[in-house]
Amino acid sequence: MTIAIALVVILVVGTVAYSAYEDYSAVRPEFQSGSNQVKASAAPYGSNGETVSINVTVPNSGIYTLNVTLTCNDTDPNVVCTAGHVSVPAGQQQVLMFKLTIVNVQQYLASSNRRINGTVSMGLGPFVSLSIGTDLSSLLPAGGP
């Protein structure tokens with residue numbers, strides 16, 4: 001009985017580790033600047049601002065359902081974000097939709113710190129989750145907002 005439990009634990013840990021590695025390897029490049037899976041478009045927001053809609057194709061190369069959330073945790077009053085979340089079944093891909101609003105573009109561009117702090121969270125079913133801090137300004141279209 002003990003050997004059976006040990007084998008099941010090893011099998012589960014092994015498949016979770018494999019799936020986590022495959023998903024991380026497939027998803028990480030998608031959130032980097034220059035990725036062909038990141039589509040960004042800008043629209044006016046009020047008289048001084050701009051909203052950037054960002055759509056990222058998230059592949060799941062692993063064997064468990066992948067949950068991905070993109071949030072903005074910036075305290076800059078010029079930056080407002082709408083979090084995006086997607087749940088991707090194994091072997092499929094889904095589009096994560098995220099909105100980033102720069103309330104006053106002139107103030108943002110005049111700022112010495114144009115970093116927009118965000119978090120990409122990935123989870124494999126009920127087993128494992130990982131959060132990575134990132135600079136969301138790299139997702140903005142070329143030339144800035």
# chains A, B, ... in the order shown; residues from 1 in each chain; ligands from 1

call {"tool": "select_by_dssp", "arguments": {"residues": "chain A", "states": "strand (DSSP E or B)", "output": "ChimeraX atom specification"}}
result
/A:38-45,49-59,66-72,79-82,84-88,93-102,117-124,128-135

call {"tool": "residues_around", "arguments": {"residues": "A:Tyr64", "least_positions_apart": "3", "cutoff": "8 Å", "atoms": "only C-alpha atoms", "output": "PyMOL selection string"}}
result
chain A and resi 16+19+89-90+124-125

call {"tool": "write_last_selection", "arguments": {"atoms": "N, CA and C atoms", "output": "PDB file, in the first residue's frame"}}
result
ATOM      1  N   VAL A  16       2.826  17.320 -12.843  1.00  0.00           N
ATOM      2  CA  VAL A  16       2.659  18.741 -12.540  1.00  0.00           C
ATOM      3  C   VAL A  16       3.931  19.506 -12.904  1.00  0.00           C
ATOM      4  N   SER A  19       4.134  19.713 -16.731  1.00  0.00           N
ATOM      5  CA  SER A  19       3.140  20.652 -17.253  1.00  0.00           C
ATOM      6  C   SER A  19       3.530  22.097 -16.933  1.00  0.00           C
ATOM      7  N   PRO A  89      -7.807  25.184 -21.495  1.00  0.00           N
ATOM      8  CA  PRO A  89      -7.706  23.726 -21.380  1.00  0.00           C
ATOM      9  C   PRO A  89      -6.405  23.212 -22.014  1.00  0.00           C
ATOM     10  N   ALA A  90      -5.971  22.046 -21.598  1.00  0.00           N
ATOM     11  CA  ALA A  90      -4.735  21.439 -22.114  1.00  0.00           C
ATOM     12  C   ALA A  90      -4.790  21.295 -23.624  1.00  0.00           C
ATOM     13  N   LEU A 124      -1.811  26.047 -12.423  1.00  0.00           N
ATOM     14  CA  LEU A 124      -2.161  24.761 -13.016  1.00  0.00           C
ATOM     15  C   LEU A 124      -3.187  24.083 -12.132  1.00  0.00           C
ATOM     16  N   GLY A 125      -4.441  24.159 -12.541  1.00  0.00           N
ATOM     17  CA  GLY A 125      -5.505  23.535 -11.759  1.00  0.00           C
ATOM     18  C   GLY A 125      -5.369  23.893 -10.293  1.00  0.00           C
TER      19      GLY A 125
END

call {"tool": "select_by_dssp", "arguments": {"residues": "chain A", "states": "alpha helix (DSSP H)", "output": "short mmCIF file (atom, residue, chain, number, x, y, z; two decimals) with C-alpha atoms, in the first residue's frame"}}
result
data_model
loop_
_atom_site.label_atom_id
_atom_site.label_comp_id
_atom_site.auth_asym_id
_atom_site.auth_seq_id
_atom_site.Cartn_x
_atom_site.Cartn_y
_atom_site.Cartn_z
CA THR A 2 2.83 2.41 0.87
CA ILE A 3 4.56 1.72 -2.43
CA ALA A 4 1.33 2.44 -4.36
CA ILE A 5 0.89 5.77 -2.57
CA ALA A 6 4.53 6.68 -3.22
CA LEU A 7 4.15 5.85 -6.92
CA VAL A 8 0.98 7.96 -7.21
CA VAL A 9 2.68 10.90 -5.48
CA ILE A 10 5.72 10.63 -7.76
CA LEU A 11 3.47 10.40 -10.83
CA VAL A 12 1.39 13.45 -9.82
CA VAL A 13 4.45 15.54 -8.89
CA GLY A 14 6.16 14.54 -12.12
CA THR A 15 3.20 15.44 -14.34
CA VAL A 16 2.66 18.74 -12.54
CA ALA A 17 6.35 19.63 -12.90
CA TYR A 18 6.32 18.67 -16.59
CA SER A 19 3.14 20.65 -17.25
CA ALA A 20 4.45 23.68 -15.34
CA TYR A 21 7.69 23.66 -17.33
CA GLU A 22 5.89 23.32 -20.69
CA ASP A 23 3.38 26.08 -19.87
CA TYR A 24 5.97 28.49 -18.50
CA SER A 25 8.18 27.93 -21.57
CA ALA A 26 5.24 28.55 -23.92
CA VAL A 27 3.62 31.51 -22.12
CA VAL A 105 -0.94 61.12 -21.79
CA GLN A 106 1.07 64.36 -21.51
CA GLN A 107 1.67 63.80 -17.78
CA TYR A 108 2.60 60.18 -18.38
CA LEU A 109 5.07 61.05 -21.14
CA ALA A 110 6.58 63.87 -19.03
#

call {"tool": "residues_around", "arguments": {"residues": "A:Glu50", "least_positions_apart": "3", "cutoff": "8 Å", "atoms": "only C-alpha atoms", "output": "list in words"}}
result
Ala42, Ala43, Pro44, Tyr45, Gly46, Thr101, Ile102, Val103, Asn104, Val105 and Pro145 of chain A

call {"tool": "write_last_selection", "arguments": {"atoms": "N, CA and C atoms", "output": "PDB file, in the first residue's frame"}}
result
ATOM      1  N   ALA A  42      -4.921  51.245 -29.695  1.00  0.00           N
ATOM      2  CA  ALA A  42      -5.180  52.405 -28.833  1.00  0.00           C
ATOM      3  C   ALA A  42      -6.433  53.130 -29.302  1.00  0.00           C
ATOM      4  N   ALA A  43      -7.149  53.716 -28.336  1.00  0.00           N
ATOM      5  CA  ALA A  43      -8.338  54.525 -28.615  1.00  0.00           C
ATOM      6  C   ALA A  43      -8.326  55.712 -27.662  1.00  0.00           C
ATOM      7  N   PRO A  44      -8.877  56.849 -28.065  1.00  0.00           N
ATOM      8  CA  PRO A  44      -8.907  58.024 -27.180  1.00  0.00           C
ATOM      9  C   PRO A  44      -9.712  57.741 -25.906  1.00  0.00           C
ATOM     10  N   TYR A  45      -9.276  58.364 -24.815  1.00  0.00           N
ATOM     11  CA  TYR A  45      -9.985  58.291 -23.543  1.00  0.00           C
ATOM     12  C   TYR A  45     -10.162  59.725 -23.060  1.00  0.00           C
ATOM     13  N   GLY A  46     -11.366  60.224 -23.115  1.00  0.00           N
ATOM     14  CA  GLY A  46     -11.598  61.614 -22.737  1.00  0.00           C
ATOM     15  C   GLY A  46     -10.834  62.544 -23.656  1.00  0.00           C
ATOM     16  N   THR A 101      -5.491  52.061 -19.308  1.00  0.00           N
ATOM     17  CA  THR A 101      -5.871  53.428 -19.646  1.00  0.00           C
ATOM     18  C   THR A 101      -4.864  54.400 -19.053  1.00  0.00           C
ATOM     19  N   ILE A 102      -4.318  55.255 -19.904  1.00  0.00           N
ATOM     20  CA  ILE A 102      -3.471  56.360 -19.462  1.00  0.00           C
ATOM     21  C   ILE A 102      -4.399  57.573 -19.448  1.00  0.00           C
ATOM     22  N   VAL A 103      -4.731  58.066 -18.255  1.00  0.00           N
ATOM     23  CA  VAL A 103      -5.727  59.134 -18.103  1.00  0.00           C
ATOM     24  C   VAL A 103      -5.237  60.443 -18.706  1.00  0.00           C
ATOM     25  N   ASN A 104      -3.966  60.775 -18.495  1.00  0.00           N
ATOM     26  CA  ASN A 104      -3.399  62.006 -19.040  1.00  0.00           C
ATOM     27  C   ASN A 104      -2.078  61.656 -19.715  1.00  0.00           C
ATOM     28  N   VAL A 105      -2.105  61.565 -21.029  1.00  0.00           N
ATOM     29  CA  VAL A 105      -0.942  61.123 -21.786  1.00  0.00           C
ATOM     30  C   VAL A 105       0.234  62.080 -21.618  1.00  0.00           C
ATOM     31  N   PRO A 145       1.884  55.264 -25.541  1.00  0.00           N
ATOM     32  CA  PRO A 145       0.448  55.430 -25.665  1.00  0.00           C
ATOM     33  C   PRO A 145       0.111  56.701 -26.402  1.00  0.00           C
TER      34      PRO A 145
END

call {"tool": "atom_distance", "arguments": {"atom1": "atom CA of A:Thr65", "atom2": "atom CA of A:Gly123"}}
result
8.2 Å
